[in-house]
Each structure stands twice: as C-alpha cells, then as structure tokens.
file input.cif (mmCIF, C-alpha atoms)
data_my_file
loop_
_atom_site.label_atom_id
_atom_site.label_comp_id
_atom_site.auth_asym_id
_atom_site.auth_seq_id
_atom_site.Cartn_x
_atom_site.Cartn_y
_atom_site.Cartn_z
CA MET A 1 -26.18 139.84 -152.25
CA SER A 2 -29.31 139.81 -154.37
CA SER A 3 -31.10 137.93 -151.57
CA LEU A 4 -30.67 140.91 -149.24
CA PRO A 5 -33.38 143.53 -148.81
CA GLU A 6 -32.97 146.43 -151.23
CA ASP A 7 -32.20 148.96 -148.50
CA GLU A 8 -29.48 146.72 -147.08
CA GLU A 9 -27.94 146.28 -150.54
CA ARG A 10 -27.73 150.05 -150.78
CA PHE A 11 -26.15 150.23 -147.34
CA LEU A 12 -23.49 147.64 -148.28
CA GLU A 13 -22.69 149.63 -151.42
CA TYR A 14 -22.37 152.73 -149.26
CA LEU A 15 -19.81 151.01 -146.99
CA THR A 16 -17.50 150.82 -150.05
CA PHE A 17 -14.60 149.04 -148.40
CA GLY A 18 -14.62 145.25 -148.46
CA ASP A 19 -13.33 144.82 -144.94
CA LEU A 20 -16.06 147.11 -143.57
CA ARG A 21 -18.73 145.15 -145.45
CA ASP A 22 -17.39 141.84 -144.15
CA ARG A 23 -17.24 143.08 -140.57
CA TYR A 24 -20.74 144.54 -140.83
CA LEU A 25 -22.20 141.31 -142.23
CA GLU A 26 -20.50 139.28 -139.51
CA GLU A 27 -21.90 141.51 -136.77
CA ARG A 28 -25.30 141.61 -138.45
CA ASP A 29 -25.53 137.81 -138.56
CA ALA A 30 -24.55 137.58 -134.90
CA LEU A 31 -27.12 140.28 -134.07
CA LEU A 32 -29.89 138.39 -135.88
CA ALA A 33 -29.01 135.14 -134.13
CA ASN A 34 -28.98 136.89 -130.77
CA SER A 35 -32.28 138.64 -131.58
CA ASN A 36 -33.95 135.32 -132.32
CA ALA A 37 -32.76 133.90 -129.01
CA GLU A 38 -33.85 137.03 -127.12
CA ALA A 39 -37.26 137.00 -128.85
CA ALA A 40 -37.82 133.37 -127.81
CA LYS A 41 -36.95 134.27 -124.23
CA LEU A 42 -39.26 137.32 -124.14
CA ARG A 43 -42.16 135.70 -126.01
CA PRO A 44 -44.04 134.14 -123.05
CA GLN A 45 -44.11 137.39 -121.06
CA ARG A 46 -45.00 139.46 -124.10
CA GLU A 47 -47.79 137.10 -125.04
CA LYS A 48 -49.20 137.35 -121.52
CA GLU A 49 -49.10 141.17 -121.70
CA ILE A 50 -50.91 141.22 -125.06
CA ARG A 51 -53.62 138.84 -123.86
CA ASP A 52 -53.94 140.71 -120.55
CA GLU A 53 -54.64 143.95 -122.47
CA ILE A 54 -57.55 142.22 -124.18
CA LYS A 55 -58.89 140.86 -120.87
CA ILE A 56 -58.64 144.25 -119.17
CA ASP A 57 -60.53 145.91 -122.01
CA ARG A 58 -63.21 143.17 -121.89
CA GLU A 59 -63.73 143.72 -118.13
CA HIS A 60 -63.88 147.48 -118.69
CA ARG A 61 -66.53 147.03 -121.39
CA LYS A 62 -68.64 144.91 -119.06
CA ILE A 63 -68.85 147.63 -116.43
CA LEU A 64 -69.33 150.35 -119.05
CA ASN A 65 -72.22 148.35 -120.52
CA ALA A 66 -73.68 147.80 -117.06
CA CYS A 67 -73.67 151.56 -116.45
CA ILE A 68 -75.28 152.64 -119.72
CA TYR A 69 -77.70 149.83 -120.59
CA PRO A 70 -80.49 150.89 -118.18
CA PHE A 71 -80.44 154.33 -119.80
CA ALA A 72 -80.60 152.96 -123.34
CA THR A 73 -83.57 150.60 -123.05
CA LYS A 74 -87.08 152.01 -122.75
CA ILE A 75 -88.26 149.28 -120.38
CA SER A 76 -85.83 150.39 -117.66
CA PRO A 77 -87.17 152.45 -114.73
CA LEU A 78 -84.19 154.77 -115.14
CA ARG A 79 -85.11 155.47 -118.77
CA LYS A 80 -88.68 156.12 -117.67
CA LEU A 81 -87.39 158.82 -115.32
CA GLY A 82 -86.27 160.72 -118.42
CA TYR A 83 -82.56 159.91 -118.37
CA TYR A 84 -81.02 158.47 -121.52
CA PHE A 85 -77.64 157.40 -122.84
CA LEU A 86 -76.28 160.29 -124.92
CA ARG A 87 -72.82 159.15 -125.96
CA ALA A 88 -69.66 157.32 -124.99
CA ALA A 89 -66.24 158.96 -124.64
CA PRO A 90 -67.26 162.64 -124.52
CA LEU A 91 -64.48 164.94 -125.79
CA LEU A 92 -62.85 162.13 -127.77
CA GLU A 93 -63.51 164.01 -131.02
CA ASN A 94 -61.17 166.72 -129.70
CA GLY A 95 -58.41 164.21 -129.04
CA VAL A 96 -59.07 164.28 -125.30
CA SER A 97 -59.09 160.88 -123.64
CA ASN A 98 -61.56 161.41 -120.84
CA LEU A 99 -64.58 159.92 -119.06
CA ASP A 100 -66.38 156.95 -120.60
CA PHE A 101 -70.00 157.99 -120.93
CA LEU A 102 -72.55 160.79 -120.79
CA LEU A 103 -76.20 160.45 -119.72
CA TYR A 104 -78.72 163.26 -119.83
CA LYS A 105 -82.15 164.32 -118.61
CA LYS A 106 -83.88 167.44 -119.84
CA THR A 107 -85.80 168.82 -116.89
CA SER A 108 -87.08 172.02 -118.58
CA ASP A 109 -86.58 174.02 -121.76
CA ILE A 110 -83.39 175.53 -120.40
CA VAL A 111 -82.23 173.19 -117.63
CA GLY A 112 -81.12 169.56 -117.50
CA THR A 113 -78.96 167.06 -115.63
CA ALA A 114 -75.84 165.64 -117.28
CA ILE A 115 -74.22 162.57 -115.71
CA PHE A 116 -70.64 161.97 -116.80
CA GLY A 117 -69.25 158.59 -115.87
CA GLU A 118 -66.06 156.58 -115.73
CA ALA A 119 -66.07 152.77 -115.78
CA LYS A 120 -63.38 150.56 -114.24
CA GLY A 121 -63.53 146.85 -114.90
CA THR A 122 -60.71 146.04 -112.52
CA VAL A 123 -59.37 148.03 -109.57
CA ALA A 124 -55.90 147.22 -108.29
CA ASP A 125 -55.48 150.50 -106.38
CA ALA A 126 -58.71 152.20 -105.33
CA SER A 127 -57.02 155.46 -104.36
CA ALA A 128 -55.27 155.70 -107.74
CA VAL A 129 -58.54 155.06 -109.59
CA VAL A 130 -60.36 157.75 -107.63
CA ARG A 131 -57.47 160.18 -108.13
CA GLN A 132 -57.42 159.54 -111.88
CA THR A 133 -61.19 159.97 -112.15
CA ALA A 134 -61.02 163.25 -110.22
CA GLU A 135 -58.45 164.53 -112.73
CA ARG A 136 -60.74 163.60 -115.60
CA VAL A 137 -63.60 165.42 -113.90
CA LYS A 138 -61.42 168.53 -113.93
CA THR A 139 -60.97 168.11 -117.67
CA VAL A 140 -64.73 167.99 -118.20
CA GLU A 141 -65.17 171.08 -116.03
CA THR A 142 -62.55 172.87 -118.12
CA ASN A 143 -64.58 171.96 -121.21
CA ARG A 144 -67.98 172.59 -119.63
CA GLU A 145 -69.03 175.19 -122.21
CA TYR A 146 -68.04 172.92 -125.10
CA CYS A 147 -69.95 170.00 -123.59
CA SER A 148 -73.06 172.13 -123.10
CA LYS A 149 -73.01 173.46 -126.66
CA SER A 150 -71.98 170.25 -128.42
CA TYR A 151 -73.95 167.63 -126.48
CA LEU A 152 -76.71 169.34 -124.52
CA GLY A 153 -78.04 171.88 -127.01
CA ALA A 154 -76.45 174.77 -125.08
CA GLN A 155 -78.80 174.15 -122.16
CA LYS A 156 -77.77 174.95 -118.65
CA ALA A 157 -77.17 171.67 -116.91
CA ASN A 158 -76.27 170.34 -113.51
CA PHE A 159 -73.16 168.16 -113.99
CA GLU A 160 -72.84 165.02 -111.85
CA TYR A 161 -69.98 162.53 -111.88
CA VAL A 162 -70.19 158.76 -111.53
CA LEU A 163 -67.52 156.11 -111.07
CA GLY A 164 -68.81 152.69 -112.08
CA VAL A 165 -67.04 149.59 -110.76
CA SER A 166 -67.58 145.90 -110.12
CA SER A 167 -69.48 145.16 -106.94
CA VAL A 168 -66.43 143.43 -105.43
CA ASP A 169 -64.49 146.73 -105.73
CA SER A 170 -67.26 149.12 -104.65
CA ASN A 171 -66.48 149.23 -100.93
CA ASN A 172 -62.78 150.05 -101.41
CA VAL A 173 -63.52 152.63 -104.10
CA ALA A 174 -66.22 154.29 -101.96
CA LYS A 175 -63.84 154.49 -98.98
CA ALA A 176 -61.13 156.02 -101.17
CA THR A 177 -63.67 158.56 -102.44
CA SER A 178 -64.74 159.42 -98.90
CA ARG A 179 -61.12 159.99 -97.86
CA ARG A 180 -60.86 162.59 -100.64
CA GLY A 181 -63.98 164.36 -99.40
CA GLY A 182 -66.51 162.75 -101.74
CA GLY A 183 -67.52 164.32 -105.05
CA LEU A 184 -68.00 161.06 -106.97
CA ILE A 185 -71.14 158.92 -107.06
CA ILE A 186 -70.29 155.22 -106.95
CA TRP A 187 -72.32 152.78 -109.05
CA HIS A 188 -71.58 149.10 -109.09
CA SER A 189 -72.70 145.90 -110.76
CA GLU A 190 -72.00 142.20 -110.41
CA LYS A 191 -70.28 140.41 -113.26
CA SER A 192 -72.88 137.66 -113.33
CA PRO A 193 -75.42 136.19 -115.77
CA ASN A 194 -78.13 138.45 -114.29
CA PRO A 195 -76.33 141.64 -113.25
CA GLU A 196 -77.98 144.56 -111.47
CA LEU A 197 -76.81 148.16 -111.29
CA THR A 198 -77.01 149.90 -107.94
CA ILE A 199 -75.67 152.94 -106.09
CA TYR A 200 -73.33 152.87 -103.11
CA VAL A 201 -74.85 154.81 -100.20
CA PRO A 202 -72.17 156.13 -97.80
CA SER A 203 -72.85 155.62 -94.12
CA GLU A 204 -71.26 158.98 -93.16
CA ALA A 205 -73.98 161.65 -93.10
CA ASN A 206 -71.53 164.48 -93.76
CA ILE A 207 -70.19 162.94 -96.98
CA ARG A 208 -73.38 161.37 -98.29
CA PRO A 209 -74.83 164.39 -100.18
CA SER A 210 -71.73 164.70 -102.40
CA MET A 211 -71.92 161.00 -103.31
CA MET A 212 -75.61 160.91 -104.24
CA HIS A 213 -77.62 162.27 -107.16
CA SER A 214 -79.53 165.51 -106.86
CA GLU A 215 -82.76 163.70 -107.85
CA ASP A 216 -84.06 161.58 -105.01
CA GLN A 217 -86.11 159.36 -107.32
CA LEU A 218 -82.97 158.38 -109.27
CA ASN A 219 -81.26 157.48 -106.00
CA ARG A 220 -84.26 155.41 -104.92
CA GLU A 221 -84.47 153.48 -108.20
CA LEU A 222 -80.76 152.73 -108.17
CA GLY A 223 -80.98 151.77 -104.52
CA LYS A 224 -83.55 149.11 -105.40
CA LYS A 225 -81.13 147.64 -107.98
CA VAL A 226 -81.84 147.87 -111.69
CA PRO A 227 -81.45 144.93 -114.11
CA THR A 228 -78.70 145.62 -116.61
CA SER A 229 -76.48 143.98 -119.24
CA LEU A 230 -72.75 143.39 -119.49
CA GLU A 231 -72.91 142.73 -123.25
CA PHE A 232 -74.99 145.66 -124.51
CA LYS A 233 -72.33 147.04 -126.88
CA THR A 234 -69.65 144.89 -128.50
CA PHE A 235 -67.30 147.85 -128.73
CA PHE A 236 -66.95 151.58 -128.24
CA GLN A 237 -64.70 154.09 -129.97
CA GLN A 238 -62.24 153.90 -127.08
CA SER A 239 -62.19 150.08 -127.06
CA HIS A 240 -59.24 147.80 -127.80
CA ARG A 241 -58.84 146.85 -131.46
CA VAL A 242 -59.74 143.24 -130.74
CA ALA A 243 -63.11 144.39 -129.34
CA LYS A 244 -63.77 146.20 -132.60
CA LEU A 245 -62.78 143.14 -134.62
CA LEU A 246 -65.35 141.10 -132.69
CA VAL A 247 -68.08 142.56 -134.91
CA LEU A 248 -66.65 140.38 -137.68
CA LEU A 249 -67.47 137.11 -135.90
CA SER A 250 -70.94 136.71 -137.36
CA ILE A 251 -71.01 139.22 -140.17
CA ASP A 252 -71.06 136.55 -142.88
CA LYS A 253 -73.96 134.51 -141.49
CA GLN A 254 -76.64 136.22 -143.61
CA SER A 255 -74.82 135.61 -146.88
CA PRO A 256 -75.28 132.34 -148.85
CA ASP A 257 -71.61 132.33 -149.88
CA GLU A 258 -70.43 133.52 -146.44
CA THR A 259 -68.95 136.74 -147.80
CA PHE A 260 -69.59 140.34 -146.81
CA SER A 261 -69.10 143.82 -148.23
CA VAL A 262 -67.95 147.14 -146.83
CA SER A 263 -71.58 148.28 -146.72
CA ASP A 264 -72.41 145.23 -144.56
CA LEU A 265 -69.67 146.25 -142.15
CA VAL A 266 -70.84 149.87 -142.18
CA ARG A 267 -74.32 148.77 -141.03
CA VAL A 268 -72.87 146.74 -138.15
CA VAL A 269 -70.59 149.56 -137.00
CA GLU A 270 -73.41 152.11 -137.28
CA SER A 271 -75.51 149.90 -135.02
CA GLU A 272 -72.75 149.64 -132.42
CA LEU A 273 -71.93 153.36 -132.56
CA ASN A 274 -75.48 154.61 -132.96
CA TYR A 275 -74.69 157.60 -130.76
CA ILE A 276 -72.25 158.88 -133.42
CA ASP A 277 -73.86 160.99 -136.15
CA ASN A 278 -70.68 161.71 -138.13
CA PRO A 279 -70.40 159.34 -141.14
CA GLU A 280 -66.68 160.07 -141.42
CA VAL A 281 -66.11 158.63 -137.95
CA ILE A 282 -68.08 155.50 -138.86
CA GLN A 283 -66.10 155.08 -142.08
CA ARG A 284 -62.78 155.45 -140.26
CA GLU A 285 -63.78 152.72 -137.84
CA VAL A 286 -64.91 150.48 -140.71
CA ASP A 287 -61.69 151.05 -142.65
CA ASP A 288 -59.60 150.30 -139.58
CA ILE A 289 -61.50 147.10 -138.72
CA LEU A 290 -61.15 145.84 -142.29
CA ALA A 291 -57.47 146.80 -142.59
CA VAL A 292 -56.51 145.20 -139.29
CA GLY A 293 -58.59 142.10 -140.02
CA ILE A 294 -56.70 141.64 -143.30
CA ALA A 295 -53.31 142.44 -141.73
CA ILE A 296 -53.63 139.73 -139.06
CA GLY A 297 -54.97 137.15 -141.52
CA PHE A 298 -58.52 136.99 -140.15
CA VAL A 299 -60.13 138.54 -143.25
CA GLY A 300 -59.39 137.98 -146.93
CA GLU A 301 -60.67 139.66 -150.08
CA VAL A 302 -62.15 136.94 -152.31
CA ALA A 303 -63.47 139.22 -155.07
CA LYS A 304 -63.51 142.94 -155.68
CA GLY A 305 -65.46 144.43 -152.79
CA ARG A 306 -66.27 141.04 -151.26
CA TYR A 307 -64.55 139.73 -148.14
CA LYS A 308 -64.55 136.49 -146.20
CA ILE A 309 -63.57 135.43 -142.70
CA LYS A 310 -60.42 133.31 -142.83
CA SER A 311 -61.08 130.85 -140.00
CA ARG A 312 -61.63 127.14 -139.94
CA TYR A 313 -64.21 127.68 -137.21
CA LYS A 314 -67.89 128.49 -137.69
CA THR A 315 -69.17 129.33 -134.20
CA ALA A 316 -68.68 132.81 -132.77
CA ASN A 317 -66.94 131.53 -129.61
CA SER A 318 -64.40 129.48 -131.55
CA ARG A 319 -63.84 132.31 -134.00
CA GLU A 320 -63.17 134.68 -131.09
CA VAL A 321 -60.39 132.37 -129.82
CA ASP A 322 -58.98 132.21 -133.35
CA LEU A 323 -59.17 135.99 -133.72
CA ILE A 324 -57.34 136.59 -130.42
CA ASP A 325 -54.67 134.03 -131.36
CA LYS A 326 -54.09 135.73 -134.71
CA TRP A 327 -53.98 139.19 -133.15
CA THR A 328 -51.54 137.96 -130.50
CA GLU A 329 -49.21 136.41 -133.07
CA PHE A 330 -49.41 139.56 -135.21
CA ARG A 331 -48.44 141.78 -132.26
CA LEU A 332 -45.65 139.42 -131.18
CA LEU A 333 -44.11 139.38 -134.66
CA ARG A 334 -44.38 143.16 -134.89
CA LYS A 335 -42.65 143.65 -131.53
CA GLU A 336 -39.90 141.24 -132.59
CA ARG A 337 -39.49 143.03 -135.92
CA GLU A 338 -39.28 146.37 -134.12
CA ASP A 339 -36.53 145.00 -131.86
CA VAL A 340 -34.53 143.79 -134.86
CA ASP A 341 -35.03 147.05 -136.77
CA ARG A 342 -33.90 149.08 -133.78
CA ALA A 343 -30.78 146.93 -133.31
CA LEU A 344 -29.97 147.09 -137.03
CA ASP A 345 -30.37 150.88 -137.01
CA GLU A 346 -27.86 151.10 -134.17
CA LEU A 347 -25.45 148.76 -135.95
CA GLN A 348 -25.72 150.65 -139.21
CA SER A 349 -25.21 153.94 -137.40
CA LYS A 350 -22.00 152.52 -135.98
CA TYR A 351 -20.79 151.47 -139.44
CA ARG A 352 -21.74 154.78 -141.03
CA LYS A 353 -19.40 156.44 -138.59
CA LEU A 354 -16.68 153.87 -139.38
CA ARG A 355 -17.24 154.46 -143.08
CA GLU A 356 -16.79 158.20 -142.68
CA GLU A 357 -13.62 157.70 -140.65
CA SER A 358 -12.28 155.18 -143.16
CA GLY A 359 -12.95 157.55 -146.05
CA ASP A 360 -11.07 160.36 -144.35
CA LEU A 361 -8.01 158.16 -143.71
CA ARG A 362 -7.80 156.41 -147.07
CA ARG A 363 -7.70 159.65 -149.01
CA TYR A 364 -4.13 160.03 -147.83
CA LEU A 365 -2.98 156.50 -148.74
CA PRO A 366 -0.88 156.07 -151.95
CA SER A 367 -2.87 154.67 -154.87
#
call {"tool": "encode", "arguments": {"input": "input.cif", "output": "structure tokens"}}
result
Amino acid sequence: MSSLPEDEERFLEYLTFGDLRDRYLEERDALLANSNAEAAKLRPQREKEIRDEIKIDREHRKILNACIYPFATKISPLRKLGYYFLRAAPLLENGVSNLDFLLYKKTSDIVGTAIFGEAKGTVADASAVVRQTAERVKTVETNREYCSKSYLGAQKANFEYVLGVSSVDSNNVAKATSRRGGGLIIWHSEKSPNPELTIYVPSEANIRPSMMHSEDQLNRELGKKVPTSLEFKTFFQQSHRVAKLLVLLSIDKQSPDETFSVSDLVRVVESELNYIDNPEVIQREVDDILAVGIAIGFVGEVAKGRYKIKSRYKTANSREVDLIDKWTEFRLLRKEREDVDRALDELQSKYRKLREESGDLRRYLPS
C-alpha cells in the first residue's frame, strides 16, 4: 500500500472494510487499464486538435500583423497620413475578449479617428464571422466612453470598424457584410512572401459608403495596395501560449554560455508588447512564459536566476518544431490525467456511498 499515492492511501483507510477495499482496488485497476486503452484510441484525434489550435492562431497572427504593420512603421504611406498602431486587444484589461487592434489618427486638438479591427486568419463561414464581428462592435460601442478616456485621451473620435481577412476570403466576407447592410470595412492581404494590404471596394453604390473610410486619402492609399508584414509581432496578449513561447527560440544566442535571465526575457516581452505601459502586465506574461516553458520541459534552471533552453536543436526552425512537440505531449498527458482523475472521482464517490451504507448496516451486527 505504501506505493499508492497518499490521498489514495487515506481513501483506502476510510473504506474500513476489507471487502470494500478489495472491490474498490479491483475496479480501480480495471478502470486504469480501460483508461489507458481509451487514451491510446483518442490520442491521434486529440493531437490533431492541439496542433490545429496552434495553426489557427498562427494564421490569425499573420492577418493581424498584416493589418497593423503599415501603421507601426514610419516608412509606410498610411503612417505618413497620421494613423498609427495604438494597441492590440482593446478592453482586454477589463476581462473583455473583443476586437484585435486599435489604430488612431488625431485630426485636431479635440477630434480624431479611431479604427477598431478584427483579424481572421481562416474563414470557414463568412456569415458567422461577420455576425461575430458585428457583436464585438456592439461591445466597443457599449464601452465607447471608456475607450475614449483610456486610449484616446478623452478626445471625441469617429469610430470605424475593420474586418481583416486573407485575400482568398475577402470576396465571401464582403458579400456577407453587404447582405447585413454593410457597416464593416474589409481589408485583406495575401499570405505570401511579399504581402500587400488593401481595401475591398464594394460594387454596390448604396452600400459602398458604409464599407469605406471617412477619409478619402486613406481609401486611396489602401486601394493602391500597401506593403506589409505577416511576421511583425511574434505574439500578442491574446495569442496562443505556444506563440508566446516562441520568444524563447533565440533568447540565448547573445550569451556565451547560452543561458538567459528573467531580465533578458523581460526585455524581449517588452519589445513584443511595446504598446503596453503597465509593468505588471509585462511581468505576468514573463512569469507565465517561464513557468510554461519549464512545465513542458523546454526550459530548465541551471543556476539560481539563470535558465537554459532544453533542446538538442540550435536553429530557430528546429527549436520551434521541438517546442510544439513538447507542448503537444504536455497537453495530451494533461488531458489523459484529467480523464483518469474524473473517472477515479466517480469511482470513489460510488464507494463512499457504499461505505456509508455498510457502516449503517454493520452497526447492528453482533460483535
């Protein structure tokens, strides 16, 4: 019995009666054997789902980067118009999962233009995507005063709403938007080595004004196609954990002994999240990246305050494959452990009830 986990030892002591303990152990062993077989059967599908989550997030990041990059680099014609990237995930600090980015142009001391945008890397159902984005627009409108005070310096601003998609999805998304009466401006970009961001111009004259920007010059520049980047930011606050862990791939390259410190990681995260001015948010992200990296076996502490990447690979591409493999195995094992824990809880609940019933009956038996 000493080889059992401590909590199970306590449970077996609680069962009291030998026959109950024997029956429980027999059922538990059968449950564990069945769980192993079930886990093996479910593993391929679960692994696909875990890896698909990473791919979906990567495609989302590409379109998000394509939408914001021209507003974050001074050489872009869009930046020269006065628009700039203000932040990603507005309202996230309030626990509200909403639109992906906010751009801004101050047109006078009291007036400006705020462009809130949603990015979709893949579109399976254009109507559903447009419907979801419209709901998120409502959330921003509900929080309009907060957005103005917190992000725009309390200036009065014209709010515009963009839905950014891959060029292959733009036509279907634009048609779905038109069917709902417009109200969203469609941007799109190719997922290619030299991507360009452009605006979708509806052919219907009656719907066109609600799917274009109020500033004609912005429409013209976007209509000419603007060079952009799919890889501008490695991760955002709303990104998948694997995206955040990607900042670890080359963090040790500047160190002679290939180690890094928390302060090294802080600098990298600050660079990625340079639109965040709250050091507590940066530290939370750093702590999470480090904790998850250690948990999945991709990072190890080699001395107090010094960490090292635990990978036999040296190149970033190979390390990324290794990282994804380790994350996938970590998630698979956790899901399998959760299945076993849930089944054991149900089994123990059954035997607690049997124990209570047995106790009630045996009180009346002669000693």
call {"tool": "resolve_selection", "arguments": {"input": "input.cif", "expression": "the PyMOL selection byres ((chain A and resi 105-113) around 10)", "output": "ChimeraX atom specification"}}
result
/A:79,81-86,103-104,114-116,152-160,213-215
call {"tool": "atom_distance", "arguments": {"input": "input.cif", "atom1": "CA of Val129 (chain A)", "atom2": "CA of Ser97 (chain A)"}}
result
15.2 Å
call {"tool": "residues_near_point", "arguments": {"input": "input.cif", "point": "(-77.7, 155.6, -97.8)", "cutoff": "12 Å", "atoms": "all atoms listed in the file", "output": "ChimeraX atom specification"}}
result
/A:185-186,198-213,216,219-220,222-224
call {"tool": "resolve_selection", "arguments": {"input": "input.cif", "expression": "the PyMOL selection byres ((chain A and resi 317-324) around 8)", "output": "ChimeraX atom specification"}}
result
/A:51,242,246,249,298,311,313-316,325-328
call {"tool": "closest_residue", "arguments": {"input": "input.cif", "among": "A:Arg131, A:Arg312, A:Arg180, A:Arg87", "to": "Asp277 (chain A)", "atoms": "only C-alpha atoms"}}
result
A:Arg87
call {"tool": "decode", "arguments": {"input": "input.cif", "residues": "region 321-346 of chain A", "atoms": "N, CA and C atoms", "output": "CSV table (one decimal), in the first residue's frame"}}
result
chain,number,residue,atom,x,y,z
A,321,VAL,N,9.8,23.4,-33.9
A,321,VAL,CA,9.2,22.0,-34.1
A,321,VAL,C,9.3,21.3,-32.7
A,322,ASP,N,10.5,21.4,-32.1
A,322,ASP,CA,10.7,20.7,-30.8
A,322,ASP,C,9.7,21.3,-29.7
A,323,LEU,N,9.6,22.6,-29.7
A,323,LEU,CA,8.7,23.3,-28.8
A,323,LEU,C,7.3,22.8,-29.0
A,324,ILE,N,6.8,22.8,-30.2
A,324,ILE,CA,5.4,22.4,-30.5
A,324,ILE,C,5.2,20.9,-30.1
A,325,ASP,N,6.2,20.1,-30.3
A,325,ASP,CA,6.1,18.7,-29.9
A,325,ASP,C,6.0,18.5,-28.4
A,326,LYS,N,6.8,19.3,-27.7
A,326,LYS,CA,6.8,19.2,-26.2
A,326,LYS,C,5.5,19.8,-25.7
A,327,TRP,N,5.0,20.8,-26.3
A,327,TRP,CA,3.7,21.4,-25.8
A,327,TRP,C,2.6,20.4,-26.1
A,328,THR,N,2.6,19.8,-27.3
A,328,THR,CA,1.6,18.8,-27.6
A,328,THR,C,1.6,17.6,-26.7
A,329,GLU,N,2.7,17.1,-26.4
A,329,GLU,CA,2.8,15.9,-25.5
A,329,GLU,C,2.4,16.4,-24.1
A,330,PHE,N,2.7,17.5,-23.6
A,330,PHE,CA,2.3,18.1,-22.3
A,330,PHE,C,0.8,18.1,-22.2
A,331,ARG,N,0.2,18.7,-23.3
A,331,ARG,CA,-1.3,18.8,-23.3
A,331,ARG,C,-2.0,17.5,-23.4
A,332,LEU,N,-1.4,16.5,-24.2
A,332,LEU,CA,-2.0,15.2,-24.3
A,332,LEU,C,-2.0,14.5,-22.9
A,333,LEU,N,-0.8,14.5,-22.2
A,333,LEU,CA,-0.7,13.9,-20.9
A,333,LEU,C,-1.7,14.5,-19.9
A,334,ARG,N,-1.8,15.9,-20.0
A,334,ARG,CA,-2.7,16.5,-19.0
A,334,ARG,C,-4.2,16.1,-19.3
A,335,LYS,N,-4.6,16.0,-20.6
A,335,LYS,CA,-5.9,15.6,-20.9
A,335,LYS,C,-6.2,14.2,-20.4
A,336,GLU,N,-5.2,13.3,-20.6
A,336,GLU,CA,-5.3,11.9,-20.2
A,336,GLU,C,-5.4,11.8,-18.6
A,337,ARG,N,-4.6,12.7,-18.0
A,337,ARG,CA,-4.6,12.7,-16.5
A,337,ARG,C,-6.0,13.2,-16.0
A,338,GLU,N,-6.5,14.2,-16.7
A,338,GLU,CA,-7.8,14.7,-16.3
A,338,GLU,C,-8.9,13.7,-16.5
A,339,ASP,N,-8.8,12.9,-17.5
A,339,ASP,CA,-9.8,11.8,-17.7
A,339,ASP,C,-9.7,10.8,-16.6
A,340,VAL,N,-8.5,10.4,-16.2
A,340,VAL,CA,-8.3,9.4,-15.2
A,340,VAL,C,-8.8,10.0,-13.8
A,341,ASP,N,-8.5,11.2,-13.6
A,341,ASP,CA,-8.9,11.8,-12.3
A,341,ASP,C,-10.4,11.9,-12.2
A,342,ARG,N,-11.1,12.2,-13.3
A,342,ARG,CA,-12.5,12.3,-13.3
A,342,ARG,C,-13.1,11.0,-13.1
A,343,ALA,N,-12.6,9.9,-13.7
A,343,ALA,CA,-13.1,8.6,-13.6
A,343,ALA,C,-12.9,8.1,-12.1
A,344,LEU,N,-11.7,8.4,-11.6
A,344,LEU,CA,-11.4,8.0,-10.2
A,344,LEU,C,-12.3,8.7,-9.2
A,345,ASP,N,-12.6,10.0,-9.5
A,345,ASP,CA,-13.5,10.7,-8.6
A,345,ASP,C,-14.9,10.0,-8.6
A,346,GLU,N,-15.4,9.6,-9.8
A,346,GLU,CA,-16.7,9.0,-9.8
A,346,GLU,C,-16.7,7.7,-9.1
